[in-house]
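What follows is the content of input.txt (compact mmCIF, N, CA and C atoms).
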```txt
# COMPACT_ATOMS: atom_id res chain seq x y z
N MET A 726 0.83 -1.17 0.00
CA MET A 726 0.00 0.00 0.00
C MET A 726 0.88 1.25 0.00
N ASN A 727 0.61 2.16 -0.92
CA ASN A 727 1.33 3.43 -0.98
C ASN A 727 0.41 4.56 -0.57
N ARG A 728 0.99 5.58 0.04
CA ARG A 728 0.23 6.77 0.38
C ARG A 728 0.99 7.97 -0.16
N LYS A 729 0.25 8.98 -0.58
CA LYS A 729 0.86 10.20 -1.11
C LYS A 729 0.27 11.41 -0.43
N ALA A 730 1.05 12.45 -0.34
CA ALA A 730 0.56 13.72 0.18
C ALA A 730 1.38 14.84 -0.44
N SER A 731 0.76 16.01 -0.57
CA SER A 731 1.45 17.18 -1.09
C SER A 731 1.31 18.34 -0.12
N ALA A 732 2.28 19.22 -0.19
CA ALA A 732 2.23 20.46 0.59
C ALA A 732 2.81 21.57 -0.27
N VAL A 733 2.28 22.77 -0.09
CA VAL A 733 2.75 23.94 -0.85
C VAL A 733 3.32 24.95 0.13
N TRP A 734 4.52 25.44 -0.17
CA TRP A 734 5.14 26.50 0.61
C TRP A 734 5.09 27.79 -0.19
N GLN A 735 4.70 28.88 0.44
CA GLN A 735 4.73 30.20 -0.17
C GLN A 735 5.34 31.14 0.85
N GLY A 736 6.18 32.04 0.38
CA GLY A 736 6.74 32.93 1.38
C GLY A 736 7.56 34.06 0.86
N ASP A 737 8.04 34.81 1.81
CA ASP A 737 8.88 35.97 1.57
C ASP A 737 10.31 35.55 1.85
N LEU A 738 11.10 35.47 0.80
CA LEU A 738 12.45 34.97 0.98
C LEU A 738 13.37 35.98 1.64
N LYS A 739 12.99 37.25 1.64
CA LYS A 739 13.82 38.25 2.32
C LYS A 739 13.87 37.96 3.82
N SER A 740 12.73 37.59 4.38
CA SER A 740 12.67 37.29 5.81
C SER A 740 12.95 35.82 6.10
N GLY A 741 12.89 34.98 5.05
CA GLY A 741 13.07 33.54 5.25
C GLY A 741 11.87 32.89 5.89
N LYS A 742 10.73 33.57 5.88
CA LYS A 742 9.54 33.03 6.52
C LYS A 742 8.44 32.86 5.48
N GLY A 743 7.60 31.88 5.71
CA GLY A 743 6.49 31.65 4.81
C GLY A 743 5.43 30.83 5.49
N THR A 744 4.52 30.32 4.67
CA THR A 744 3.46 29.46 5.19
C THR A 744 3.41 28.18 4.38
N VAL A 745 2.93 27.14 5.01
CA VAL A 745 2.77 25.83 4.36
C VAL A 745 1.33 25.39 4.51
N SER A 746 0.78 24.87 3.41
CA SER A 746 -0.56 24.29 3.43
C SER A 746 -0.49 22.90 2.83
N THR A 747 -1.20 21.94 3.44
CA THR A 747 -1.22 20.58 2.92
C THR A 747 -2.57 20.31 2.25
N GLU A 748 -2.58 19.30 1.40
CA GLU A 748 -3.80 19.02 0.63
C GLU A 748 -4.98 18.64 1.52
N SER A 749 -4.72 18.07 2.69
CA SER A 749 -5.82 17.71 3.59
C SER A 749 -6.36 18.92 4.35
N LYS A 750 -5.65 20.03 4.27
CA LYS A 750 -6.00 21.29 4.96
C LYS A 750 -5.75 21.21 6.46
N LEU A 751 -5.14 20.12 6.95
CA LEU A 751 -4.83 20.05 8.37
C LEU A 751 -3.73 21.04 8.73
N LEU A 752 -2.80 21.27 7.82
CA LEU A 752 -1.87 22.38 7.95
C LEU A 752 -2.34 23.40 6.92
N GLN A 753 -2.88 24.51 7.37
CA GLN A 753 -3.39 25.53 6.46
C GLN A 753 -2.72 26.85 6.83
N ASN A 754 -1.87 27.32 5.93
CA ASN A 754 -1.13 28.56 6.17
C ASN A 754 -0.37 28.52 7.50
N ALA A 755 0.20 27.35 7.81
CA ALA A 755 1.01 27.21 9.02
C ALA A 755 2.32 27.97 8.82
N GLN A 756 2.76 28.67 9.83
CA GLN A 756 4.00 29.45 9.72
C GLN A 756 5.18 28.50 9.51
N TYR A 757 6.10 28.90 8.64
CA TYR A 757 7.30 28.09 8.39
C TYR A 757 8.50 29.01 8.30
N SER A 758 9.51 28.71 9.08
CA SER A 758 10.81 29.33 8.90
C SER A 758 11.81 28.18 8.91
N PHE A 759 13.07 28.46 8.63
CA PHE A 759 14.00 27.37 8.37
C PHE A 759 14.07 26.36 9.51
N GLY A 760 13.94 26.77 10.75
CA GLY A 760 14.07 25.83 11.86
C GLY A 760 12.77 25.22 12.34
N THR A 761 11.66 25.50 11.66
CA THR A 761 10.35 25.06 12.12
C THR A 761 10.23 23.53 12.14
N ARG A 762 9.56 23.03 13.16
CA ARG A 762 9.17 21.62 13.18
C ARG A 762 7.65 21.58 13.30
N PHE A 763 7.06 20.71 12.54
CA PHE A 763 5.61 20.55 12.62
C PHE A 763 5.31 19.38 13.53
N GLU A 764 4.37 19.56 14.42
CA GLU A 764 4.00 18.50 15.34
C GLU A 764 2.84 17.70 14.75
N ASN A 765 2.73 16.46 15.14
CA ASN A 765 1.71 15.58 14.59
C ASN A 765 0.41 15.63 15.38
N GLY A 766 0.27 16.55 16.30
CA GLY A 766 -0.90 16.61 17.16
C GLY A 766 -2.18 16.99 16.44
N THR A 767 -2.09 17.58 15.24
CA THR A 767 -3.28 18.01 14.53
C THR A 767 -3.90 16.88 13.73
N GLY A 768 -3.29 15.70 13.73
CA GLY A 768 -3.81 14.60 12.94
C GLY A 768 -3.18 14.54 11.55
N THR A 769 -2.23 15.38 11.30
CA THR A 769 -1.54 15.37 10.01
C THR A 769 -0.76 14.07 9.89
N ASN A 770 -0.82 13.44 8.72
CA ASN A 770 -0.13 12.18 8.55
C ASN A 770 1.36 12.40 8.28
N PRO A 771 2.20 11.38 8.46
CA PRO A 771 3.65 11.56 8.34
C PRO A 771 4.08 12.07 6.97
N GLU A 772 3.44 11.57 5.91
CA GLU A 772 3.86 12.03 4.58
C GLU A 772 3.54 13.51 4.37
N GLU A 773 2.46 14.00 4.99
CA GLU A 773 2.17 15.44 4.89
C GLU A 773 3.20 16.26 5.66
N LEU A 774 3.60 15.79 6.81
CA LEU A 774 4.62 16.50 7.59
C LEU A 774 5.93 16.57 6.81
N ILE A 775 6.31 15.47 6.19
CA ILE A 775 7.55 15.44 5.41
C ILE A 775 7.42 16.37 4.20
N ALA A 776 6.27 16.33 3.54
CA ALA A 776 6.05 17.21 2.38
C ALA A 776 6.11 18.68 2.80
N ALA A 777 5.48 19.01 3.91
CA ALA A 777 5.47 20.40 4.38
C ALA A 777 6.88 20.87 4.71
N ALA A 778 7.61 20.07 5.44
CA ALA A 778 8.97 20.44 5.82
C ALA A 778 9.88 20.52 4.60
N HIS A 779 9.74 19.58 3.66
CA HIS A 779 10.63 19.56 2.50
C HIS A 779 10.34 20.74 1.58
N ALA A 780 9.08 21.09 1.39
CA ALA A 780 8.75 22.23 0.54
C ALA A 780 9.37 23.51 1.10
N GLY A 781 9.26 23.71 2.39
CA GLY A 781 9.85 24.90 3.01
C GLY A 781 11.36 24.87 3.02
N CYS A 782 11.93 23.75 3.38
CA CYS A 782 13.38 23.61 3.46
C CYS A 782 14.03 23.81 2.09
N PHE A 783 13.45 23.19 1.05
CA PHE A 783 13.99 23.35 -0.29
C PHE A 783 13.93 24.81 -0.72
N SER A 784 12.83 25.49 -0.42
CA SER A 784 12.69 26.89 -0.80
C SER A 784 13.75 27.76 -0.14
N MET A 785 14.06 27.47 1.12
CA MET A 785 15.11 28.22 1.81
C MET A 785 16.48 27.93 1.19
N ALA A 786 16.74 26.66 0.87
CA ALA A 786 18.01 26.31 0.22
C ALA A 786 18.11 27.00 -1.14
N LEU A 787 17.01 27.03 -1.88
CA LEU A 787 16.98 27.69 -3.19
C LEU A 787 17.25 29.18 -3.04
N SER A 788 16.66 29.79 -2.04
CA SER A 788 16.87 31.21 -1.79
C SER A 788 18.36 31.50 -1.56
N GLY A 789 19.00 30.66 -0.77
CA GLY A 789 20.43 30.83 -0.51
C GLY A 789 21.26 30.70 -1.77
N GLU A 790 20.94 29.71 -2.59
CA GLU A 790 21.69 29.50 -3.84
C GLU A 790 21.47 30.66 -4.82
N LEU A 791 20.24 31.17 -4.88
CA LEU A 791 19.96 32.32 -5.75
C LEU A 791 20.74 33.54 -5.27
N GLY A 792 20.83 33.73 -3.95
CA GLY A 792 21.60 34.85 -3.40
C GLY A 792 23.06 34.77 -3.78
N LYS A 793 23.64 33.56 -3.73
CA LYS A 793 25.03 33.37 -4.13
C LYS A 793 25.25 33.73 -5.59
N ALA A 794 24.20 33.50 -6.42
CA ALA A 794 24.29 33.80 -7.85
C ALA A 794 23.95 35.27 -8.16
N GLY A 795 23.64 36.03 -7.11
CA GLY A 795 23.31 37.44 -7.31
C GLY A 795 21.91 37.69 -7.85
N LEU A 796 21.02 36.71 -7.68
CA LEU A 796 19.65 36.85 -8.17
C LEU A 796 18.70 37.05 -6.98
N THR A 797 17.75 37.96 -7.17
CA THR A 797 16.79 38.26 -6.10
C THR A 797 15.39 37.89 -6.57
N PRO A 798 14.84 36.81 -6.04
CA PRO A 798 13.49 36.42 -6.46
C PRO A 798 12.43 37.33 -5.86
N GLU A 799 11.40 37.61 -6.65
CA GLU A 799 10.25 38.34 -6.13
C GLU A 799 9.28 37.38 -5.46
N LYS A 800 9.21 36.16 -5.98
CA LYS A 800 8.26 35.19 -5.45
C LYS A 800 8.75 33.79 -5.76
N ILE A 801 8.57 32.89 -4.80
CA ILE A 801 8.85 31.46 -5.03
C ILE A 801 7.72 30.67 -4.40
N GLU A 802 7.28 29.64 -5.11
CA GLU A 802 6.29 28.71 -4.57
C GLU A 802 6.80 27.31 -4.86
N THR A 803 6.82 26.48 -3.85
CA THR A 803 7.30 25.10 -4.01
C THR A 803 6.24 24.13 -3.52
N THR A 804 5.98 23.11 -4.33
CA THR A 804 5.10 22.01 -3.94
C THR A 804 5.95 20.76 -3.81
N ALA A 805 5.82 20.07 -2.69
CA ALA A 805 6.50 18.79 -2.50
C ALA A 805 5.43 17.71 -2.42
N THR A 806 5.58 16.67 -3.25
CA THR A 806 4.68 15.53 -3.21
C THR A 806 5.49 14.32 -2.75
N VAL A 807 5.06 13.72 -1.66
CA VAL A 807 5.81 12.63 -1.02
C VAL A 807 5.02 11.34 -1.16
N THR A 808 5.72 10.26 -1.56
CA THR A 808 5.12 8.93 -1.60
C THR A 808 5.71 8.10 -0.47
N LEU A 809 4.84 7.60 0.38
CA LEU A 809 5.23 6.75 1.50
C LEU A 809 4.78 5.33 1.17
N GLU A 810 5.71 4.38 1.16
CA GLU A 810 5.37 2.99 0.86
C GLU A 810 5.50 2.15 2.13
N MET A 811 4.59 1.21 2.26
CA MET A 811 4.64 0.28 3.39
C MET A 811 5.52 -0.90 2.96
N LEU A 812 6.75 -0.89 3.38
CA LEU A 812 7.70 -1.94 3.05
C LEU A 812 7.86 -2.88 4.24
N PRO A 813 8.45 -4.07 4.04
CA PRO A 813 8.61 -5.00 5.16
C PRO A 813 9.35 -4.38 6.35
N ALA A 814 10.27 -3.47 6.08
CA ALA A 814 11.02 -2.82 7.17
C ALA A 814 10.22 -1.72 7.85
N GLY A 815 9.06 -1.40 7.29
CA GLY A 815 8.23 -0.33 7.87
C GLY A 815 7.96 0.76 6.85
N PRO A 816 7.19 1.77 7.23
CA PRO A 816 6.87 2.86 6.30
C PRO A 816 8.14 3.57 5.85
N THR A 817 8.27 3.77 4.54
CA THR A 817 9.48 4.36 3.97
C THR A 817 9.11 5.37 2.90
N VAL A 818 9.70 6.56 2.96
CA VAL A 818 9.53 7.54 1.89
C VAL A 818 10.39 7.07 0.72
N THR A 819 9.74 6.75 -0.41
CA THR A 819 10.48 6.23 -1.55
C THR A 819 10.59 7.23 -2.69
N LYS A 820 9.66 8.19 -2.78
CA LYS A 820 9.69 9.17 -3.87
C LYS A 820 9.25 10.53 -3.35
N ILE A 821 9.92 11.54 -3.87
CA ILE A 821 9.53 12.92 -3.58
C ILE A 821 9.65 13.69 -4.90
N HIS A 822 8.62 14.43 -5.22
CA HIS A 822 8.71 15.31 -6.38
C HIS A 822 8.57 16.75 -5.91
N LEU A 823 9.57 17.55 -6.20
CA LEU A 823 9.54 18.98 -5.89
C LEU A 823 9.21 19.72 -7.17
N GLU A 824 8.28 20.65 -7.07
CA GLU A 824 7.96 21.51 -8.20
C GLU A 824 8.02 22.95 -7.70
N THR A 825 8.91 23.72 -8.29
CA THR A 825 9.07 25.09 -7.82
C THR A 825 8.91 26.06 -8.98
N THR A 826 8.21 27.14 -8.70
CA THR A 826 8.06 28.22 -9.67
C THR A 826 8.59 29.49 -9.01
N ALA A 827 9.21 30.33 -9.81
CA ALA A 827 9.78 31.55 -9.26
C ALA A 827 9.67 32.69 -10.25
N LYS A 828 9.51 33.87 -9.70
CA LYS A 828 9.55 35.09 -10.49
C LYS A 828 10.84 35.79 -10.10
N ILE A 829 11.79 35.82 -11.06
CA ILE A 829 13.11 36.39 -10.79
C ILE A 829 13.48 37.29 -11.97
N PRO A 830 13.38 38.59 -11.80
CA PRO A 830 13.73 39.50 -12.90
C PRO A 830 15.16 39.26 -13.39
N GLY A 831 15.30 39.14 -14.70
CA GLY A 831 16.62 39.00 -15.31
C GLY A 831 17.18 37.60 -15.33
N ALA A 832 16.50 36.63 -14.78
CA ALA A 832 17.03 35.25 -14.74
C ALA A 832 16.67 34.51 -16.02
N LYS A 833 17.51 33.55 -16.37
CA LYS A 833 17.26 32.68 -17.52
C LYS A 833 16.86 31.30 -17.01
N GLN A 834 15.96 30.63 -17.75
CA GLN A 834 15.43 29.33 -17.33
C GLN A 834 16.54 28.31 -17.08
N GLU A 835 17.51 28.21 -18.00
CA GLU A 835 18.56 27.20 -17.83
C GLU A 835 19.42 27.48 -16.60
N ASP A 836 19.66 28.76 -16.29
CA ASP A 836 20.41 29.10 -15.08
C ASP A 836 19.60 28.76 -13.83
N PHE A 837 18.31 29.06 -13.88
CA PHE A 837 17.44 28.77 -12.73
C PHE A 837 17.40 27.27 -12.47
N GLN A 838 17.29 26.46 -13.52
CA GLN A 838 17.25 25.01 -13.35
C GLN A 838 18.53 24.51 -12.70
N LYS A 839 19.67 25.03 -13.13
CA LYS A 839 20.96 24.60 -12.58
C LYS A 839 21.06 24.99 -11.10
N ILE A 840 20.63 26.20 -10.77
CA ILE A 840 20.66 26.66 -9.37
C ILE A 840 19.70 25.80 -8.52
N ALA A 841 18.51 25.53 -9.05
CA ALA A 841 17.52 24.71 -8.33
C ALA A 841 18.05 23.29 -8.10
N ASP A 842 18.72 22.73 -9.11
CA ASP A 842 19.30 21.39 -8.94
C ASP A 842 20.33 21.39 -7.81
N GLY A 843 21.13 22.45 -7.73
CA GLY A 843 22.11 22.57 -6.64
C GLY A 843 21.44 22.68 -5.29
N ALA A 844 20.32 23.42 -5.24
CA ALA A 844 19.58 23.56 -3.98
C ALA A 844 18.98 22.23 -3.55
N LYS A 845 18.54 21.43 -4.52
CA LYS A 845 17.98 20.11 -4.19
C LYS A 845 19.04 19.24 -3.52
N VAL A 846 20.25 19.26 -4.04
CA VAL A 846 21.34 18.47 -3.47
C VAL A 846 21.74 19.02 -2.10
N GLY A 847 21.72 20.35 -1.94
CA GLY A 847 22.16 20.96 -0.70
C GLY A 847 21.11 21.04 0.39
N CYS A 848 19.85 20.78 0.07
CA CYS A 848 18.77 20.89 1.05
C CYS A 848 18.97 19.84 2.15
N PRO A 849 18.97 20.26 3.42
CA PRO A 849 19.18 19.28 4.51
C PRO A 849 18.18 18.12 4.51
N ILE A 850 16.93 18.38 4.17
CA ILE A 850 15.94 17.29 4.18
C ILE A 850 16.20 16.34 3.01
N SER A 851 16.62 16.87 1.86
CA SER A 851 16.98 15.98 0.75
C SER A 851 18.12 15.06 1.16
N ARG A 852 19.07 15.58 1.90
CA ARG A 852 20.20 14.75 2.35
C ARG A 852 19.74 13.70 3.34
N LEU A 853 18.78 14.05 4.22
CA LEU A 853 18.26 13.08 5.18
C LEU A 853 17.50 11.95 4.49
N LEU A 854 16.81 12.28 3.40
CA LEU A 854 15.99 11.30 2.69
C LEU A 854 16.71 10.79 1.44
N LYS A 855 18.02 10.59 1.56
CA LYS A 855 18.82 10.25 0.38
C LYS A 855 18.46 8.90 -0.24
N THR A 856 17.74 8.04 0.47
CA THR A 856 17.34 6.77 -0.15
C THR A 856 16.11 6.94 -1.04
N ALA A 857 15.43 8.08 -0.93
CA ALA A 857 14.25 8.34 -1.77
C ALA A 857 14.69 8.87 -3.13
N GLU A 858 13.89 8.58 -4.13
CA GLU A 858 14.10 9.15 -5.46
C GLU A 858 13.50 10.56 -5.44
N ILE A 859 14.37 11.58 -5.54
CA ILE A 859 13.91 12.97 -5.48
C ILE A 859 14.04 13.59 -6.86
N THR A 860 12.89 14.00 -7.42
CA THR A 860 12.89 14.66 -8.72
C THR A 860 12.49 16.12 -8.53
N LEU A 861 12.84 16.95 -9.52
CA LEU A 861 12.60 18.38 -9.42
C LEU A 861 12.20 18.96 -10.76
N THR A 862 11.17 19.77 -10.73
CA THR A 862 10.78 20.59 -11.89
C THR A 862 10.89 22.03 -11.44
N ALA A 863 11.67 22.83 -12.15
CA ALA A 863 11.84 24.25 -11.80
C ALA A 863 11.45 25.10 -13.00
N LYS A 864 10.56 26.07 -12.77
CA LYS A 864 10.08 26.91 -13.86
C LYS A 864 10.09 28.37 -13.44
N LEU A 865 10.53 29.22 -14.35
CA LEU A 865 10.41 30.66 -14.14
C LEU A 865 9.05 31.11 -14.66
N VAL A 866 8.43 32.05 -13.96
CA VAL A 866 7.16 32.61 -14.38
C VAL A 866 7.29 34.14 -14.45
N ASN A 867 6.42 34.74 -15.22
CA ASN A 867 6.45 36.21 -15.34
C ASN A 867 5.61 36.86 -14.27
```

If you convert what's in this file into structure tokens, what do you get?
Amino acid sequence: MNRKASAVWQGDLKSGKGTVSTESKLLQNAQYSFGTRFENGTGTNPEELIAAAHAGCFSMALSGELGKAGLTPEKIETTATVTLEMLPAGPTVTKIHLETTAKIPGAKQEDFQKIADGAKVGCPISRLLKTAEITLTAKLVN
């Protein structure tokens, strides 16, 4: 049996703070900053917690990488979709898909994709879940 959940992070990268909402609405505009931990007391399932944390964490890592490249995003939105599989060893996150869109004046799509790929590798949660297949779609929007 597999279970999936998604979460969307939206925020202000200047302050490093944003909000996370999950598809079940159990986390709805929950505050997120880089050190935030979400508690399971609201009934949120584990895959939603992982999706919420990964969407926010990746966005913060992306913000840092964009800053190093001298790019200032006006807006970033990241959706993380997590697949949790029930394996003999127990529940295991096997797949994560990150989809990020950003509005960055003066940026080129190929440069943004390269920077986003670097952020995926550097994201602390991506490193923790290194046994999962993590894919990324990065798109610039106007």

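Closest to Ser746 (chain A) among A:Thr856, A:Thr819, A:Thr826, A:Ser731 is A:Ser731, based on all atoms listed in the file.
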
Could you give me, as a tab-separated table, every region 750-833 of chain A residue with an atom at most 8 Å from region 841-851 of chain A, plus its closest atom pair and distance in Å to one decimal, counting all atoms listed in the file, rows ordered by chain then number?
```
residue	atom	partner	partner_atom	distance
A:Ala778	C	A:Ile850	CA	6.9
A:His779	CA	A:Ile850	CA	6.0
A:Cys782	C	A:Cys848	CA	5.7
A:Phe783	CA	A:Cys848	CA	5.5
A:Ser784	N	A:Ala844	C	7.6
A:Met785	C	A:Cys848	CA	7.4
A:Ala786	C	A:Ala844	CA	4.7
A:Leu787	N	A:Ala844	CA	4.8
A:Ser788	N	A:Ala844	CA	7.1
A:Gly789	C	A:Ala844	CA	7.7
A:Glu790	CA	A:Ala844	CA	6.3
A:Leu791	N	A:Ala841	N	7.2
```

Residues within 7 Å of Ala777 (chain A), please, as a short mmCIF file (atom, residue, chain, number, x, y, z; two decimals) with N, CA and C atoms, in the frame of the given file. Count all atoms listed in the file; anything in the same chain fewer than 3 positions from it doesn't count.
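Saved the output as result33.cif:
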```
data_model
loop_
_atom_site.label_atom_id
_atom_site.label_comp_id
_atom_site.auth_asym_id
_atom_site.auth_seq_id
_atom_site.Cartn_x
_atom_site.Cartn_y
_atom_site.Cartn_z
N SER A 731 0.76 16.01 -0.57
CA SER A 731 1.45 17.18 -1.09
C SER A 731 1.31 18.34 -0.12
N ALA A 732 2.28 19.22 -0.19
CA ALA A 732 2.23 20.46 0.59
C ALA A 732 2.81 21.57 -0.27
N VAL A 733 2.28 22.77 -0.09
CA VAL A 733 2.75 23.94 -0.85
C VAL A 733 3.32 24.95 0.13
N TRP A 734 4.52 25.44 -0.17
CA TRP A 734 5.14 26.50 0.61
C TRP A 734 5.09 27.79 -0.19
N VAL A 745 2.93 27.14 5.01
CA VAL A 745 2.77 25.83 4.36
C VAL A 745 1.33 25.39 4.51
N SER A 746 0.78 24.87 3.41
CA SER A 746 -0.56 24.29 3.43
C SER A 746 -0.49 22.90 2.83
N THR A 747 -1.20 21.94 3.44
CA THR A 747 -1.22 20.58 2.92
C THR A 747 -2.57 20.31 2.25
N GLU A 772 3.44 11.57 5.91
CA GLU A 772 3.86 12.03 4.58
C GLU A 772 3.54 13.51 4.37
N GLU A 773 2.46 14.00 4.99
CA GLU A 773 2.17 15.44 4.89
C GLU A 773 3.20 16.26 5.66
N LEU A 774 3.60 15.79 6.81
CA LEU A 774 4.62 16.50 7.59
C LEU A 774 5.93 16.57 6.81
N ALA A 780 9.08 21.09 1.39
CA ALA A 780 8.75 22.23 0.54
C ALA A 780 9.37 23.51 1.10
N GLY A 781 9.26 23.71 2.39
CA GLY A 781 9.85 24.90 3.01
C GLY A 781 11.36 24.87 3.02
N CYS A 782 11.93 23.75 3.38
CA CYS A 782 13.38 23.61 3.46
C CYS A 782 14.03 23.81 2.09
N ALA A 805 5.82 20.07 -2.69
CA ALA A 805 6.50 18.79 -2.50
C ALA A 805 5.43 17.71 -2.42
#
```

Lys820 (chain A) environment, 6.5 Å, all atoms listed in the file, sequence neighbours closer than 4 positions dropped, as a VMD selection string: chain A and resid 806 to 809 857 to 860

At what distance in Å, to one decimal, does CA of Asn770 (chain A) lie from CA of Glu748 (chain A)?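 Separation of CA of Glu748 (chain A) and CA of Asn770 (chain A): 11.1 Å.
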
Give the strand (DSSP E or B) residues of region 796-838 of chain A, as assigned by DSSP on the backbone, as a JSON list (two decimals) with N, CA and C atoms, keeping the file's coordinate frame.
```json
[["chain", "number", "residue", "atom", "x", "y", "z"],
["A", 800, "LYS", "N", 9.21, 36.16, -5.98],
["A", 800, "LYS", "CA", 8.26, 35.19, -5.45],
["A", 800, "LYS", "C", 8.75, 33.79, -5.76],
["A", 801, "ILE", "N", 8.57, 32.89, -4.80],
["A", 801, "ILE", "CA", 8.85, 31.46, -5.03],
["A", 801, "ILE", "C", 7.72, 30.67, -4.40],
["A", 802, "GLU", "N", 7.28, 29.64, -5.11],
["A", 802, "GLU", "CA", 6.29, 28.71, -4.57],
["A", 802, "GLU", "C", 6.80, 27.31, -4.86],
["A", 803, "THR", "N", 6.82, 26.48, -3.85],
["A", 803, "THR", "CA", 7.30, 25.10, -4.01],
["A", 803, "THR", "C", 6.24, 24.13, -3.52],
["A", 804, "THR", "N", 5.98, 23.11, -4.33],
["A", 804, "THR", "CA", 5.10, 22.01, -3.94],
["A", 804, "THR", "C", 5.95, 20.76, -3.81],
["A", 805, "ALA", "N", 5.82, 20.07, -2.69],
["A", 805, "ALA", "CA", 6.50, 18.79, -2.50],
["A", 805, "ALA", "C", 5.43, 17.71, -2.42],
["A", 806, "THR", "N", 5.58, 16.67, -3.25],
["A", 806, "THR", "CA", 4.68, 15.53, -3.21],
["A", 806, "THR", "C", 5.49, 14.32, -2.75],
["A", 807, "VAL", "N", 5.06, 13.72, -1.66],
["A", 807, "VAL", "CA", 5.81, 12.63, -1.02],
["A", 807, "VAL", "C", 5.02, 11.34, -1.16],
["A", 808, "THR", "N", 5.72, 10.26, -1.56],
["A", 808, "THR", "CA", 5.12, 8.93, -1.60],
["A", 808, "THR", "C", 5.71, 8.10, -0.47],
["A", 809, "LEU", "N", 4.84, 7.60, 0.38],
["A", 809, "LEU", "CA", 5.23, 6.75, 1.50],
["A", 809, "LEU", "C", 4.78, 5.33, 1.17],
["A", 810, "GLU", "N", 5.71, 4.38, 1.16],
["A", 810, "GLU", "CA", 5.37, 2.99, 0.86],
["A", 810, "GLU", "C", 5.50, 2.15, 2.13],
["A", 811, "MET", "N", 4.59, 1.21, 2.26],
["A", 811, "MET", "CA", 4.64, 0.28, 3.39],
["A", 811, "MET", "C", 5.52, -0.90, 2.96],
["A", 812, "LEU", "N", 6.75, -0.89, 3.38],
["A", 812, "LEU", "CA", 7.70, -1.94, 3.05],
["A", 812, "LEU", "C", 7.86, -2.88, 4.24],
["A", 815, "GLY", "N", 9.06, -1.40, 7.29],
["A", 815, "GLY", "CA", 8.23, -0.33, 7.87],
["A", 815, "GLY", "C", 7.96, 0.76, 6.85],
["A", 816, "PRO", "N", 7.19, 1.77, 7.23],
["A", 816, "PRO", "CA", 6.87, 2.86, 6.30],
["A", 816, "PRO", "C", 8.14, 3.57, 5.85],
["A", 817, "THR", "N", 8.27, 3.77, 4.54],
["A", 817, "THR", "CA", 9.48, 4.36, 3.97],
["A", 817, "THR", "C", 9.11, 5.37, 2.90],
["A", 818, "VAL", "N", 9.70, 6.56, 2.96],
["A", 818, "VAL", "CA", 9.53, 7.54, 1.89],
["A", 818, "VAL", "C", 10.39, 7.07, 0.72],
["A", 819, "THR", "N", 9.74, 6.75, -0.41],
["A", 819, "THR", "CA", 10.48, 6.23, -1.55],
["A", 819, "THR", "C", 10.59, 7.23, -2.69],
["A", 820, "LYS", "N", 9.66, 8.19, -2.78],
["A", 820, "LYS", "CA", 9.69, 9.17, -3.87],
["A", 820, "LYS", "C", 9.25, 10.53, -3.35],
["A", 821, "ILE", "N", 9.92, 11.54, -3.87],
["A", 821, "ILE", "CA", 9.53, 12.92, -3.58],
["A", 821, "ILE", "C", 9.65, 13.69, -4.90],
["A", 822, "HIS", "N", 8.62, 14.43, -5.22],
["A", 822, "HIS", "CA", 8.71, 15.31, -6.38],
["A", 822, "HIS", "C", 8.57, 16.75, -5.91],
["A", 823, "LEU", "N", 9.57, 17.55, -6.20],
["A", 823, "LEU", "CA", 9.54, 18.98, -5.89],
["A", 823, "LEU", "C", 9.21, 19.72, -7.17],
["A", 824, "GLU", "N", 8.28, 20.65, -7.07],
["A", 824, "GLU", "CA", 7.96, 21.51, -8.20],
["A", 824, "GLU", "C", 8.02, 22.95, -7.70],
["A", 825, "THR", "N", 8.91, 23.72, -8.29],
["A", 825, "THR", "CA", 9.07, 25.09, -7.82],
["A", 825, "THR", "C", 8.91, 26.06, -8.98],
["A", 826, "THR", "N", 8.21, 27.14, -8.70],
["A", 826, "THR", "CA", 8.06, 28.22, -9.67],
["A", 826, "THR", "C", 8.59, 29.49, -9.01],
["A", 827, "ALA", "N", 9.21, 30.33, -9.81],
["A", 827, "ALA", "CA", 9.78, 31.55, -9.26],
["A", 827, "ALA", "C", 9.67, 32.69, -10.25],
["A", 828, "LYS", "N", 9.51, 33.87, -9.70],
["A", 828, "LYS", "CA", 9.55, 35.09, -10.49],
["A", 828, "LYS", "C", 10.84, 35.79, -10.10]]
```

For Leu823 (chain A), the closest of A:Ile840, A:Arg852, A:Leu861, A:Lys793 counting only N, CA and C atoms is A:Leu861

So how far away is CA of Leu853 (chain A) from CA of Pro798 (chain A), in Å?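 Result for CA of Pro798 (chain A) versus CA of Leu853 (chain A): 26.5 Å, one decimal.
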
Between atom C of Ile801 (chain A) and atom C of Ser749 (chain A), what distance in Å does the model show, to one decimal?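 About the pair atom C of Ile801 (chain A) and atom C of Ser749 (chain A): they are 20.3 Å apart.
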
Taking the DSSP secondary structure from the backbone, can you list the residues of region 767-867 of chain A that are helix (DSSP H, G or I), as a VMD selection string? chain A and resid 767 771 to 793 834 to 847 849 to 853

So which one's closest to Glu810 (chain A), A:Pro771, A:His822, A:Asn754, A:Lys828? Using only C-alpha atoms, please. A:Pro771

Rank nothing, just name the residue among A:Val866, A:Leu751, A:Ala776, A:Ile829 nearest to Thr804 (chain A), using all atoms listed in the file.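 With all atoms listed in the file as the atom set, the closest residue is A:Ala776.
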